[in-house]
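For reference, start-v8.txt is printed below; it contains compact mmCIF, C-alpha atoms.
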# COMPACT_ATOMS: atom_id res chain seq x y z
CA MET Y 1 0.00 0.00 0.00
CA ASP Y 2 2.92 2.32 0.66
CA ASN Y 3 4.27 1.86 -2.82
CA ALA Y 4 1.08 3.30 -4.30
CA THR Y 5 0.68 7.03 -4.31
CA GLU Y 6 -2.55 8.80 -3.56
CA GLY Y 7 -4.90 9.08 -6.49
CA ASP Y 8 -3.49 5.93 -8.23
CA LEU Y 9 -6.03 3.25 -9.22
CA ILE Y 10 -5.17 -0.46 -9.13
CA SER Y 11 -7.07 -3.51 -10.31
CA LEU Y 12 -8.56 -6.17 -8.08
CA ASP Y 13 -6.07 -8.74 -9.37
CA ASP Y 14 -3.07 -6.59 -8.42
CA TYR Y 15 -4.53 -5.96 -5.01
CA LEU Y 16 -5.08 -9.68 -4.22
CA THR Y 17 -1.73 -10.89 -5.62
CA ASN Y 18 0.66 -8.13 -4.53
CA ILE Y 19 -0.70 -5.54 -2.12
CA LEU Y 20 -2.64 -7.78 0.27
CA PRO Y 21 0.13 -10.40 0.85
CA ALA Y 22 2.68 -7.61 1.37
CA HIS Y 23 0.36 -6.05 3.88
CA PHE Y 24 -0.02 -9.34 5.74
CA GLN Y 25 3.73 -9.84 5.70
CA LYS Y 26 4.32 -6.39 7.13
CA VAL Y 27 1.76 -6.92 9.89
CA PHE Y 28 3.33 -10.22 10.93
CA LEU Y 29 6.76 -8.74 10.95
CA GLU Y 30 5.62 -5.85 13.10
CA ASP Y 31 3.94 -8.23 15.59
CA LEU Y 32 6.97 -10.47 15.74
CA GLU Y 33 9.21 -7.55 16.54
CA LYS Y 34 7.10 -6.95 19.64
CA TYR Y 35 7.58 -10.52 20.85
CA LYS Y 36 11.29 -10.80 20.18
CA ALA Y 37 12.14 -10.06 23.75
CA ASP Y 38 10.02 -12.91 25.16
CA ALA Y 39 10.35 -15.59 22.42
CA PRO Y 40 13.53 -17.51 21.51
CA LYS Y 41 15.52 -16.11 18.65
CA GLU Y 42 15.50 -19.37 16.64
CA TYR Y 43 11.71 -19.48 16.71
CA ILE Y 44 11.40 -15.92 15.57
CA ASP Y 45 13.83 -16.42 12.68
CA LYS Y 46 11.97 -19.53 11.56
CA VAL Y 47 8.65 -17.71 11.55
CA ILE Y 48 10.10 -14.87 9.54
CA ASP Y 49 11.55 -17.24 6.94
CA SER Y 50 8.24 -19.13 6.70
CA ILE Y 51 6.33 -15.92 6.17
CA LYS Y 52 8.73 -14.76 3.51
CA SER Y 53 8.54 -18.13 1.71
CA GLY Y 54 4.74 -18.30 2.08
CA LYS Y 55 4.62 -21.63 4.00
CA LEU Y 56 2.65 -20.96 7.16
CA THR Y 57 1.61 -24.61 7.59
CA ASN Y 58 5.04 -25.43 8.99
CA LEU Y 59 4.48 -23.14 11.93
CA PRO Y 60 2.48 -23.84 15.07
CA LEU Y 61 -0.08 -21.12 14.36
CA HIS Y 62 -3.81 -21.08 14.88
CA SER Y 63 -5.67 -23.38 12.41
CA ASN Y 64 -8.32 -20.77 11.47
CA PHE Y 65 -5.66 -18.24 10.52
CA VAL Y 66 -3.86 -20.75 8.31
CA GLN Y 67 -7.10 -21.84 6.55
CA GLN Y 68 -8.10 -18.24 5.88
CA TYR Y 69 -4.67 -17.46 4.47
CA GLU Y 70 -4.65 -20.51 2.16
CA GLN Y 71 -8.23 -19.82 1.01
CA LEU Y 72 -7.27 -16.23 0.26
CA LYS Y 73 -4.40 -17.45 -1.93
CA ARG Y 74 -6.64 -19.87 -3.86
CA LEU Y 75 -9.25 -17.13 -4.37
CA SER Y 76 -6.58 -14.82 -5.69
CA ALA Y 77 -5.33 -17.49 -8.13
CA ARG Y 78 -8.84 -18.35 -9.43
CA SER Y 79 -9.87 -14.73 -9.87
CA ASN Y 80 -6.96 -13.91 -12.14
CA PHE Y 81 -8.71 -15.01 -15.38
CA SER Y 82 -12.29 -14.06 -14.43
CA SER Y 83 -11.44 -10.60 -13.21
CA LEU Y 84 -9.32 -9.96 -16.28
CA SER Y 85 -12.04 -11.09 -18.76
CA PHE Y 86 -14.72 -9.12 -16.92
CA THR Y 87 -12.59 -5.98 -16.97
CA GLN Y 88 -11.79 -6.36 -20.66
CA GLY Y 89 -15.45 -6.95 -21.58
CA LEU Y 90 -16.55 -3.95 -19.57
CA ILE Y 91 -13.97 -1.71 -21.19
CA ILE Y 92 -14.75 -2.97 -24.75
CA GLY Y 93 -18.50 -2.54 -24.23
CA GLN Y 94 -18.10 1.02 -23.01
CA ILE Y 95 -15.81 1.88 -25.92
CA SER Y 96 -18.29 0.36 -28.45
CA VAL Y 97 -21.20 2.41 -27.10
CA ILE Y 98 -19.13 5.59 -27.20
CA VAL Y 99 -18.00 4.93 -30.81
CA ILE Y 100 -21.56 4.20 -32.03
CA PHE Y 101 -22.91 7.29 -30.31
CA ALA Y 102 -20.13 9.44 -31.82
CA LEU Y 103 -20.81 8.08 -35.35
CA PHE Y 104 -24.54 8.76 -35.00
CA ILE Y 105 -23.92 12.35 -33.95
CA ARG Y 106 -21.35 12.88 -36.71
CA PHE Y 107 -23.19 11.48 -39.72
CA PHE Y 108 -26.89 11.96 -38.84
CA ILE Y 109 -27.03 15.15 -36.80
CA PHE Y 110 -24.07 17.27 -37.89
CA SER Y 111 -23.88 16.08 -41.52
CA GLU Y 112 -24.20 18.78 -44.25
CA GLY Y 113 -27.10 18.42 -46.67
CA SER Y 114 -26.26 18.80 -50.37
CA SER Y 115 -28.78 19.47 -53.13
CA ARG Y 116 -26.89 17.35 -55.64
CA HIS Y 117 -27.66 14.21 -53.65
CA LYS Y 118 -31.41 14.84 -53.60
CA ASN Y 119 -31.84 13.48 -57.15
CA PRO Y 120 -32.26 9.74 -57.61
CA PRO Y 121 -29.30 7.64 -58.73
CA VAL Y 122 -30.75 7.60 -62.28
CA VAL Y 123 -29.29 11.04 -62.96
CA SER Y 124 -25.84 10.39 -61.50
CA GLN Y 125 -25.39 7.12 -63.42
CA PRO Y 126 -27.12 7.52 -66.79
CA VAL Y 127 -25.05 4.96 -68.67
CA ASN Y 128 -25.46 2.09 -66.25
CA ASN Y 129 -29.10 2.96 -65.69
CA PHE Y 130 -29.79 2.96 -69.44
CA ARG Y 131 -28.28 -0.47 -69.71
CA THR Y 132 -30.45 -1.66 -66.83
CA LEU Y 133 -33.63 -0.23 -68.40
CA SER Y 134 -32.74 -1.72 -71.77
CA ASN Y 135 -32.55 -5.13 -70.14
CA ILE Y 136 -35.90 -4.62 -68.37
CA LEU Y 137 -37.85 -3.19 -71.34
CA LYS Y 138 -38.48 -5.82 -73.97
CA ARG Y 139 -40.40 -6.14 -77.25
CA GLY Y 140 -41.92 -9.52 -77.95
CA GLY Y 141 -39.56 -11.29 -75.54
CA LYS Y 142 -36.45 -9.65 -77.05
CA ASP Y 143 -34.27 -7.26 -75.11
CA ASN Y 144 -32.37 -4.29 -76.52
CA SER Y 145 -29.25 -6.27 -77.44
CA GLU Y 146 -31.21 -8.76 -79.54
CA ILE Y 147 -33.18 -6.01 -81.29
CA THR Y 148 -29.96 -4.13 -82.02
CA SER Y 149 -28.32 -7.25 -83.43
CA ASP Y 150 -31.28 -7.75 -85.76
CA LYS Y 151 -30.73 -4.24 -87.15
CA LYS Y 152 -26.99 -4.45 -87.64
CA SER Y 153 -27.42 -5.18 -91.34
CA VAL Y 154 -29.56 -2.07 -91.84
CA ASN Y 155 -27.46 1.00 -92.50
CA ASP Y 156 -29.95 3.33 -94.10
CA SER Y 157 -32.81 4.85 -92.09
CA GLU Y 158 -35.17 4.57 -95.06
CA ASN Y 159 -34.47 0.87 -95.32
CA ASP Y 160 -35.06 0.58 -91.58
CA ILE Y 161 -38.52 2.13 -91.96
CA SER Y 162 -39.24 -0.13 -94.92
CA VAL Y 163 -38.40 -3.16 -92.78
CA GLN Y 164 -40.78 -1.93 -90.08
CA ILE Y 165 -43.59 -1.47 -92.63
CA ASN Y 166 -43.09 -4.96 -94.01
CA ASN Y 167 -43.08 -6.30 -90.45
CA ILE Y 168 -46.42 -4.59 -89.73
CA LEU Y 169 -48.02 -5.97 -92.89
CA GLN Y 170 -46.72 -9.45 -92.18
CA LYS Y 171 -47.93 -9.59 -88.59
CA THR Y 172 -51.35 -8.15 -89.45
CA TYR Y 173 -51.78 -10.64 -92.35
CA TYR Y 174 -52.42 -7.83 -94.85
CA ASP Y 175 -51.29 -8.16 -98.45
CA VAL Y 176 -51.54 -4.83 -100.23
CA ASN Y 177 -51.80 -6.61 -103.60
CA THR Y 178 -54.46 -9.24 -102.89
CA HIS Y 179 -56.41 -7.97 -99.89
CA LYS Y 180 -60.06 -7.17 -100.55
CA HIS Y 181 -61.36 -3.63 -100.26
CA GLU Y 182 -63.17 -2.92 -97.00
CA SER Y 183 -66.63 -1.39 -96.78
CA LEU Y 184 -66.00 0.71 -93.61
CA ASP Y 185 -69.58 0.40 -92.42
CA TRP Y 186 -68.51 0.77 -88.78
CA PHE Y 187 -66.55 3.89 -89.67
CA ASN Y 188 -69.57 5.43 -91.39
CA VAL Y 189 -71.63 4.95 -88.23
CA LEU Y 190 -68.90 6.53 -86.10
CA ILE Y 191 -68.49 9.55 -88.40
CA ALA Y 192 -72.26 9.97 -88.57
CA GLN Y 193 -72.46 10.23 -84.78
CA ILE Y 194 -69.71 12.86 -84.73
CA ILE Y 195 -71.40 14.93 -87.44
CA GLN Y 196 -74.76 14.64 -85.67
CA GLN Y 197 -73.21 15.95 -82.46
CA PHE Y 198 -71.70 18.82 -84.42
CA ARG Y 199 -75.08 19.70 -85.95
CA ASP Y 200 -76.87 19.56 -82.60
CA GLU Y 201 -74.42 22.05 -81.12
CA ALA Y 202 -74.85 24.30 -84.16
CA TYR Y 203 -78.65 24.30 -83.76
CA ASN Y 204 -78.69 24.77 -79.99
CA LYS Y 205 -75.86 27.29 -79.60
CA ASN Y 206 -75.75 28.94 -83.05
CA ASN Y 207 -71.96 28.75 -82.85
CA ILE Y 208 -71.47 28.51 -86.63
CA LEU Y 209 -73.68 31.52 -87.34
CA ASN Y 210 -72.04 33.54 -84.59
CA SER Y 211 -68.59 32.68 -85.92
CA LEU Y 212 -69.55 33.79 -89.43
CA ASN Y 213 -70.98 37.10 -88.23
CA LEU Y 214 -67.88 37.72 -86.12
CA PHE Y 215 -65.63 36.96 -89.10
CA ILE Y 216 -67.58 39.38 -91.31
CA GLN Y 217 -67.40 42.13 -88.67
CA LYS Y 218 -63.64 41.78 -88.28
CA ASN Y 219 -63.06 42.01 -92.04
CA ALA Y 220 -65.60 44.76 -92.70
CA THR Y 221 -62.89 47.43 -92.81
CA SER Y 222 -60.99 45.57 -95.51
CA LEU Y 223 -63.94 45.51 -97.92
CA PRO Y 224 -63.74 47.77 -100.97
CA ASP Y 225 -65.67 51.04 -100.96
CA TYR Y 226 -68.17 49.85 -103.58
CA LEU Y 227 -69.52 47.06 -101.31
CA ASP Y 228 -71.97 47.59 -98.48
CA THR Y 229 -72.23 45.51 -95.31
CA ILE Y 230 -72.54 41.74 -95.87
CA LYS Y 231 -75.35 39.89 -94.11
CA VAL Y 232 -75.89 36.15 -93.80
CA THR Y 233 -79.34 35.19 -95.05
CA GLU Y 234 -79.13 31.38 -95.20
CA LEU Y 235 -77.02 28.68 -93.55
CA ASP Y 236 -77.77 25.04 -94.24
CA ILE Y 237 -75.55 22.44 -92.52
CA GLY Y 238 -77.26 19.48 -94.16
CA ASP Y 239 -79.10 16.43 -92.89
CA ASP Y 240 -77.25 13.55 -94.52
CA PHE Y 241 -73.94 11.82 -93.88
CA PRO Y 242 -70.92 10.96 -96.04
CA ILE Y 243 -70.36 7.35 -97.06
CA PHE Y 244 -66.83 5.95 -96.93
CA SER Y 245 -66.10 2.78 -98.89
CA ASN Y 246 -63.48 0.76 -100.77
CA CYS Y 247 -60.71 1.26 -98.22
CA ARG Y 248 -57.36 -0.19 -99.30
CA ILE Y 249 -53.88 0.09 -97.87
CA LYS Y 250 -51.07 1.09 -100.19
CA LYS Y 251 -47.34 1.20 -99.56
CA GLU Y 252 -45.97 4.54 -100.72
CA GLY Y 253 -42.30 5.13 -100.00
CA LYS Y 254 -41.63 5.27 -96.24
CA LYS Y 255 -45.26 5.07 -95.11
CA LEU Y 256 -48.52 3.23 -95.45
CA GLU Y 257 -51.46 5.10 -96.92
CA ALA Y 258 -55.15 4.34 -96.62
CA LYS Y 259 -57.10 5.31 -99.73
CA ILE Y 260 -60.83 5.69 -99.14
CA ASP Y 261 -63.59 6.57 -101.59
CA ILE Y 262 -66.00 9.17 -100.24
CA ASP Y 263 -69.45 10.07 -101.54
CA LEU Y 264 -71.64 12.79 -100.05
CA ILE Y 265 -75.13 13.66 -101.33
CA ASP Y 266 -76.57 16.48 -99.26
CA ARG Y 267 -77.18 20.22 -99.27
CA LEU Y 268 -74.61 22.49 -97.61
CA SER Y 269 -75.46 26.07 -98.46
CA LEU Y 270 -74.54 29.63 -97.54
CA GLY Y 271 -76.56 32.66 -98.59
CA VAL Y 272 -75.52 36.31 -98.27
CA GLU Y 273 -76.79 39.67 -99.42
CA THR Y 274 -75.11 43.01 -99.88
CA LYS Y 275 -75.29 46.14 -102.01
CA LEU Y 276 -73.10 47.39 -104.83
CA LEU Y 277 -72.53 51.11 -104.19
CA LEU Y 278 -71.99 53.80 -106.80
CA ASN Y 279 -70.05 56.62 -105.15
CA TYR Y 280 -70.09 59.07 -108.07
CA PRO Y 281 -70.82 61.94 -108.22
CA LYS Y 282 -71.24 61.60 -104.42
CA PRO Y 283 -70.82 58.74 -101.91
CA GLY Y 284 -73.80 56.41 -101.89
CA PHE Y 285 -75.31 57.99 -104.99
CA MET Y 286 -76.78 54.66 -106.10
CA ALA Y 287 -77.08 51.16 -104.56
CA LEU Y 288 -77.63 47.88 -106.39
CA PRO Y 289 -78.87 45.00 -104.18
CA ILE Y 290 -77.13 41.63 -104.67
CA SER Y 291 -78.23 38.29 -103.22
CA LEU Y 292 -76.13 35.12 -103.59
CA THR Y 293 -76.67 31.54 -102.45
CA VAL Y 294 -74.18 28.74 -103.05
CA ALA Y 295 -74.98 25.13 -102.18
CA ILE Y 296 -72.88 21.99 -102.50
CA ILE Y 297 -75.23 19.15 -103.35
CA ARG Y 298 -72.71 16.40 -104.04
CA PHE Y 299 -69.04 15.61 -103.57
CA GLN Y 300 -67.10 12.59 -104.77
CA GLY Y 301 -63.41 11.92 -104.32
CA CYS Y 302 -60.65 9.66 -103.07
CA LEU Y 303 -59.36 10.49 -99.60
CA THR Y 304 -55.77 9.56 -98.68
CA VAL Y 305 -54.95 9.21 -94.97
CA SER Y 306 -51.59 8.35 -93.43
CA LEU Y 307 -49.53 8.75 -90.27
CA THR Y 308 -46.13 10.39 -90.10
CA ARG Y 309 -43.70 11.97 -87.67
CA GLY Y 310 -42.70 15.58 -87.21
CA ASP Y 311 -39.17 15.10 -88.54
CA ASP Y 312 -40.63 13.81 -91.82
CA LEU Y 313 -42.84 16.89 -92.11
CA SER Y 314 -39.89 19.23 -91.55
CA GLY Y 315 -38.61 18.50 -95.05
CA THR Y 316 -41.76 19.69 -96.84
CA ASP Y 317 -42.13 23.10 -98.42
CA GLU Y 318 -43.31 25.99 -96.21
CA ILE Y 319 -43.86 23.62 -93.30
CA ASN Y 320 -42.22 25.98 -90.84
CA GLU Y 321 -44.83 28.62 -91.59
CA HIS Y 322 -47.60 26.22 -90.67
CA MET Y 323 -45.89 24.81 -87.58
CA GLY Y 324 -44.75 28.22 -86.34
CA ASN Y 325 -41.46 30.05 -86.11
CA LYS Y 326 -40.61 28.30 -82.85
CA SER Y 327 -40.38 24.92 -84.51
CA GLY Y 328 -38.21 26.41 -87.26
CA ASN Y 329 -35.69 27.85 -84.79
CA ASP Y 330 -35.65 24.84 -82.48
CA GLU Y 331 -32.90 22.36 -83.26
CA GLU Y 332 -34.61 19.50 -81.44
CA VAL Y 333 -36.24 16.82 -83.55
CA ASP Y 334 -40.04 16.72 -83.39
CA ASN Y 335 -41.01 13.12 -82.66
CA SER Y 336 -44.74 13.84 -82.40
CA SER Y 337 -47.18 11.88 -84.55
CA TYR Y 338 -49.27 13.61 -87.20
CA LEU Y 339 -52.32 12.60 -89.22
CA ILE Y 340 -52.12 13.88 -92.78
CA PHE Y 341 -54.91 13.72 -95.34
CA SER Y 342 -55.45 14.90 -98.89
CA PHE Y 343 -57.71 14.28 -101.88
CA ALA Y 344 -56.84 12.92 -105.28
CA PRO Y 345 -57.07 15.39 -108.20
CA GLU Y 346 -59.91 13.32 -109.70
CA TYR Y 347 -62.59 14.81 -107.46
CA LYS Y 348 -66.08 15.99 -108.39
CA PHE Y 349 -68.14 18.92 -107.10
CA GLU Y 350 -71.78 19.60 -107.93
CA PHE Y 351 -73.18 23.04 -107.04
CA ASP Y 352 -76.56 24.72 -106.92
CA THR Y 353 -75.99 28.46 -107.28
CA GLU Y 354 -78.63 31.16 -107.09
CA SER Y 355 -78.03 34.84 -107.76
CA LEU Y 356 -80.33 37.83 -107.78
CA ILE Y 357 -79.29 41.34 -108.80
CA GLY Y 358 -81.49 44.46 -108.79
CA ALA Y 359 -84.41 45.90 -106.88
CA ARG Y 360 -87.31 46.21 -109.33
CA SER Y 361 -86.14 44.64 -112.55
CA LYS Y 362 -84.11 41.75 -111.15
CA LEU Y 363 -81.60 39.58 -112.94
CA ALA Y 364 -81.65 36.00 -111.65
CA ASN Y 365 -79.13 33.16 -111.96
CA ILE Y 366 -76.55 34.81 -114.18
CA PRO Y 367 -74.22 32.10 -115.65
CA ARG Y 368 -71.15 34.28 -115.35
CA ILE Y 369 -71.68 34.77 -111.62
CA ARG Y 370 -72.33 31.05 -111.12
CA SER Y 371 -69.11 30.02 -112.86
CA LEU Y 372 -67.10 32.64 -110.96
CA LEU Y 373 -68.36 31.43 -107.58
CA GLU Y 374 -67.77 27.76 -108.41
CA TYR Y 375 -64.26 28.51 -109.62
CA GLN Y 376 -63.34 30.33 -106.41
CA ILE Y 377 -64.63 27.47 -104.25
CA LYS Y 378 -62.69 24.87 -106.23
CA LYS Y 379 -59.57 27.04 -106.13
CA TRP Y 380 -59.79 27.32 -102.32
CA PHE Y 381 -60.18 23.54 -102.07
CA VAL Y 382 -57.29 22.74 -104.44
CA GLU Y 383 -54.85 25.08 -102.71
CA ARG Y 384 -55.40 23.35 -99.37
CA CYS Y 385 -56.40 19.72 -99.75
CA VAL Y 386 -55.66 18.36 -103.22
CA GLU Y 387 -52.42 16.45 -103.86
CA PRO Y 388 -49.57 17.26 -103.69
CA ARG Y 389 -50.80 19.59 -100.93
CA PHE Y 390 -52.19 18.10 -97.76
CA GLN Y 391 -53.50 18.99 -94.31
CA PHE Y 392 -51.84 17.69 -91.14
CA ILE Y 393 -53.21 17.37 -87.62
CA LYS Y 394 -51.06 16.73 -84.56
CA LEU Y 395 -52.32 13.71 -82.68
CA PRO Y 396 -52.74 14.02 -78.91
CA ASN Y 397 -51.21 11.64 -76.40
CA ILE Y 398 -53.55 8.63 -76.24
CA TRP Y 399 -51.79 6.97 -73.30
CA PRO Y 400 -54.39 6.32 -70.54
CA ARG Y 401 -54.18 8.97 -67.83
CA SER Y 402 -56.10 9.39 -64.60
CA LYS Y 403 -57.23 12.95 -65.36
CA ASN Y 404 -58.97 11.72 -68.54
CA THR Y 405 -60.85 8.94 -66.74
CA ARG Y 406 -64.61 9.29 -66.41
CA GLN Y 407 -67.49 7.02 -65.43
CA GLU Y 408 -70.96 7.12 -66.84
CA LYS Y 409 -73.67 8.02 -64.31
CA ARG Y 410 -76.30 5.36 -63.82
CA LYS Y 411 -79.90 6.48 -64.04
CA GLU Y 412 -82.09 5.56 -61.12
CA THR Y 413 -85.05 3.33 -61.96
CA ASN Y 414 -88.59 3.98 -60.78
CA SER Y 415 -88.40 1.13 -58.34
CA SER Y 416 -85.33 2.58 -56.62
CA LYS Y 417 -87.02 5.97 -56.37
CA ASN Y 418 -90.09 4.46 -54.74
CA ASP Y 419 -87.91 2.69 -52.21
As structure tokens - that is how I would like this structure written.
Amino acid sequence: MDNATEGDLISLDDYLTNILPAHFQKVFLEDLEKYKADAPKEYIDKVIDSIKSGKLTNLPLHSNFVQQYEQLKRLSARSNFSSLSFTQGLIIGQISVIVIFALFIRFFIFSEGSSRHKNPPVVSQPVNNFRTLSNILKRGGKDNSEITSDKKSVNDSENDISVQINNILQKTYYDVNTHKHESLDWFNVLIAQIIQQFRDEAYNKNNILNSLNLFIQKNATSLPDYLDTIKVTELDIGDDFPIFSNCRIKKEGKKLEAKIDIDLIDRLSLGVETKLLLNYPKPGFMALPISLTVAIIRFQGCLTVSLTRGDDLSGTDEINEHMGNKSGNDEEVDNSSYLIFSFAPEYKFEFDTESLIGARSKLANIPRIRSLLEYQIKKWFVERCVEPRFQFIKLPNIWPRSKNTRQEKRKETNSSKND
């Protein structure tokens, strides 16, 4: 105990093996010094040697003292391993808890958030992710590598499209040379329903008549001085439906075209009236009333319908004017799908034209006026819809989406109302 300074800490093992026996030895030596005067010198020397050697059984001491001393030595020897393992386990456990607690504070509480790590791993690893998606997405049981290997022999994009067209015709069992013409009865019913809906809205809301009057009002300032205000006197939107027939698929270059014969027998008419003004010698000196009515009573032609992509349309003449300046300045390729349609030059129009000029002595149905009106209508039609010109319509996204989902309301029966 003297060898240890104040404030020093010792283990239990050191205390039992070193400090405690030294303490006992010191106590015995101090007690023996007191009895030196009374006891023989030989006895005292023998006791001292026995204590120093640790063999107290050779001395005539009290049995209880000897047993306690020997038991204390055995306890010290057995506790060497257990006390050491317990101490090591305690120290390792405390260190592990401290390390885990320090790591939690470092990486979960005091860690710096970075905006670049908020994106999913798809952005940081585009190449590997593309390979993974190409292995997941398949077409007919083939992955991207197999599809690419099938196209290795195709070097030209036009040949690639031709292969796709042949593949479509083969898998749909359609031979453009031997397949019979289709009647399109189901299509006639569908188109008839659409036209009927259009006519119902025109009757109930007068949207066509209002649009015509608004168009005339906007262009009134551009009319020549010798014409008075134009008024709509008749608007007939018909009561019959067009008949589509003899549909056949033809392969034309890089696309498939559907050629459909169309026949419409109906009456679609527009009647207007105005006045021809004579502004000499003064403005409005004389006015000549004019009444015109033009009706289309029959149309026959061959309609051509096909699908194409925006990059194919970009090569046509004046396409940028139709698609807007933005598409002309944008370098990105337009991959949208478009429906294009046109009519063959062998079309047929039949008109019913009525004209009336004058107030008292009227001139009716002048041939020159009839031919002039028919020519202008055919010219407008040819400049817009007759081959090689065509009309194109951008197709919307037809992928099913939740915002476009609706459910028809069920009408309650009389029995449910009575209940």
Residues within 12 Å of (-75.2, 26.3, -108.2), counting all atoms listed in the file, listed as an mmCIF file with C-alpha atoms, in the coordinates of the input:
data_model
loop_
_atom_site.group_PDB
_atom_site.id
_atom_site.type_symbol
_atom_site.label_atom_id
_atom_site.label_comp_id
_atom_site.auth_asym_id
_atom_site.auth_seq_id
_atom_site.Cartn_x
_atom_site.Cartn_y
_atom_site.Cartn_z
ATOM 1 C CA ARG Y 267 -77.180 20.220 -99.270
ATOM 2 C CA LEU Y 268 -74.610 22.490 -97.610
ATOM 3 C CA SER Y 269 -75.460 26.070 -98.460
ATOM 4 C CA LEU Y 270 -74.540 29.630 -97.540
ATOM 5 C CA GLY Y 271 -76.560 32.660 -98.590
ATOM 6 C CA LEU Y 292 -76.130 35.120 -103.590
ATOM 7 C CA THR Y 293 -76.670 31.540 -102.450
ATOM 8 C CA VAL Y 294 -74.180 28.740 -103.050
ATOM 9 C CA ALA Y 295 -74.980 25.130 -102.180
ATOM 10 C CA ILE Y 296 -72.880 21.990 -102.500
ATOM 11 C CA ILE Y 297 -75.230 19.150 -103.350
ATOM 12 C CA ARG Y 298 -72.710 16.400 -104.040
ATOM 13 C CA PHE Y 349 -68.140 18.920 -107.100
ATOM 14 C CA GLU Y 350 -71.780 19.600 -107.930
ATOM 15 C CA PHE Y 351 -73.180 23.040 -107.040
ATOM 16 C CA ASP Y 352 -76.560 24.720 -106.920
ATOM 17 C CA THR Y 353 -75.990 28.460 -107.280
ATOM 18 C CA GLU Y 354 -78.630 31.160 -107.090
ATOM 19 C CA SER Y 355 -78.030 34.840 -107.760
ATOM 20 C CA ASN Y 365 -79.130 33.160 -111.960
ATOM 21 C CA ILE Y 366 -76.550 34.810 -114.180
ATOM 22 C CA PRO Y 367 -74.220 32.100 -115.650
ATOM 23 C CA ARG Y 368 -71.150 34.280 -115.350
ATOM 24 C CA ILE Y 369 -71.680 34.770 -111.620
ATOM 25 C CA ARG Y 370 -72.330 31.050 -111.120
ATOM 26 C CA SER Y 371 -69.110 30.020 -112.860
ATOM 27 C CA LEU Y 372 -67.100 32.640 -110.960
ATOM 28 C CA LEU Y 373 -68.360 31.430 -107.580
ATOM 29 C CA GLU Y 374 -67.770 27.760 -108.410
ATOM 30 C CA TYR Y 375 -64.260 28.510 -109.620
ATOM 31 C CA ILE Y 377 -64.630 27.470 -104.250
#
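Take atom CA of Lys348 of chain Y and atom CA of Asp263 of chain Y: the distance between them is 9.7 Å.
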* Find the distance between atom CA of Ala359 of chain Y and atom CA of Ala287 of chain Y and write it in Å to one decimal. =>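 Rounded to one decimal, the two atoms are 9.3 Å apart.
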* Best match for closeness to Val272 of chain Y among Y:Lys259, Y:Lys254, Y:Lys231, Y:Arg410, counting all atoms listed in the file ->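 Closest to Val272 of chain Y, using all atoms listed in the file: Y:Lys231.
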* Structure fact -> Pairwise distance, atom CA of Thr178 of chain Y with atom CA of Leu339 of chain Y, equals 25.9 Å
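Proximity of Y:Glu346, Y:Glu182, Y:Asp240, Y:Asp225 to Ala258 of chain Y, computed with only C-alpha atoms, is greatest for Y:Glu182.
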* Compile the contact shell of segment 395-403 of chain Y as a list in words: residues with an atom at most 8 Å away, counting only C-alpha atoms, same-chain residues fewer than 5 positions apart removed. =>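 With the cut-off at 8 Å, the set is Ser336, Ser337, Tyr338 and Leu339 of chain Y.
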* **Best match for closeness to Asp228 of chain Y among Y:Ser85, Y:Ser342, Y:Gln170, Y:Asn279, counting all atoms listed in the file** => Y:Asn279
Take segment 299-305 of chain Y, bring it up to N, CA, C and O atoms, and give me the output as a short mmCIF file (atom, residue, chain, number, x, y, z; two decimals), in the frame of the given file.
data_model
loop_
_atom_site.label_atom_id
_atom_site.label_comp_id
_atom_site.auth_asym_id
_atom_site.auth_seq_id
_atom_site.Cartn_x
_atom_site.Cartn_y
_atom_site.Cartn_z
N PHE Y 299 -70.49 15.64 -103.50
CA PHE Y 299 -69.04 15.61 -103.57
C PHE Y 299 -68.59 14.16 -103.66
O PHE Y 299 -69.04 13.30 -102.90
N GLN Y 300 -67.70 13.90 -104.59
CA GLN Y 300 -67.10 12.59 -104.77
C GLN Y 300 -65.59 12.76 -104.89
O GLN Y 300 -65.11 13.69 -105.54
N GLY Y 301 -64.86 11.83 -104.25
CA GLY Y 301 -63.41 11.92 -104.32
C GLY Y 301 -62.77 10.74 -103.62
O GLY Y 301 -63.43 9.88 -103.02
N CYS Y 302 -61.45 10.70 -103.72
CA CYS Y 302 -60.65 9.66 -103.07
C CYS Y 302 -59.81 10.33 -101.99
O CYS Y 302 -58.96 11.18 -102.28
N LEU Y 303 -60.05 9.93 -100.76
CA LEU Y 303 -59.36 10.49 -99.60
C LEU Y 303 -58.14 9.62 -99.27
O LEU Y 303 -58.25 8.39 -99.18
N THR Y 304 -57.00 10.26 -99.06
CA THR Y 304 -55.77 9.56 -98.68
C THR Y 304 -55.40 9.97 -97.27
O THR Y 304 -55.25 11.17 -96.98
N VAL Y 305 -55.26 8.98 -96.38
CA VAL Y 305 -54.95 9.21 -94.97
C VAL Y 305 -53.71 8.41 -94.62
O VAL Y 305 -53.57 7.25 -95.02
#
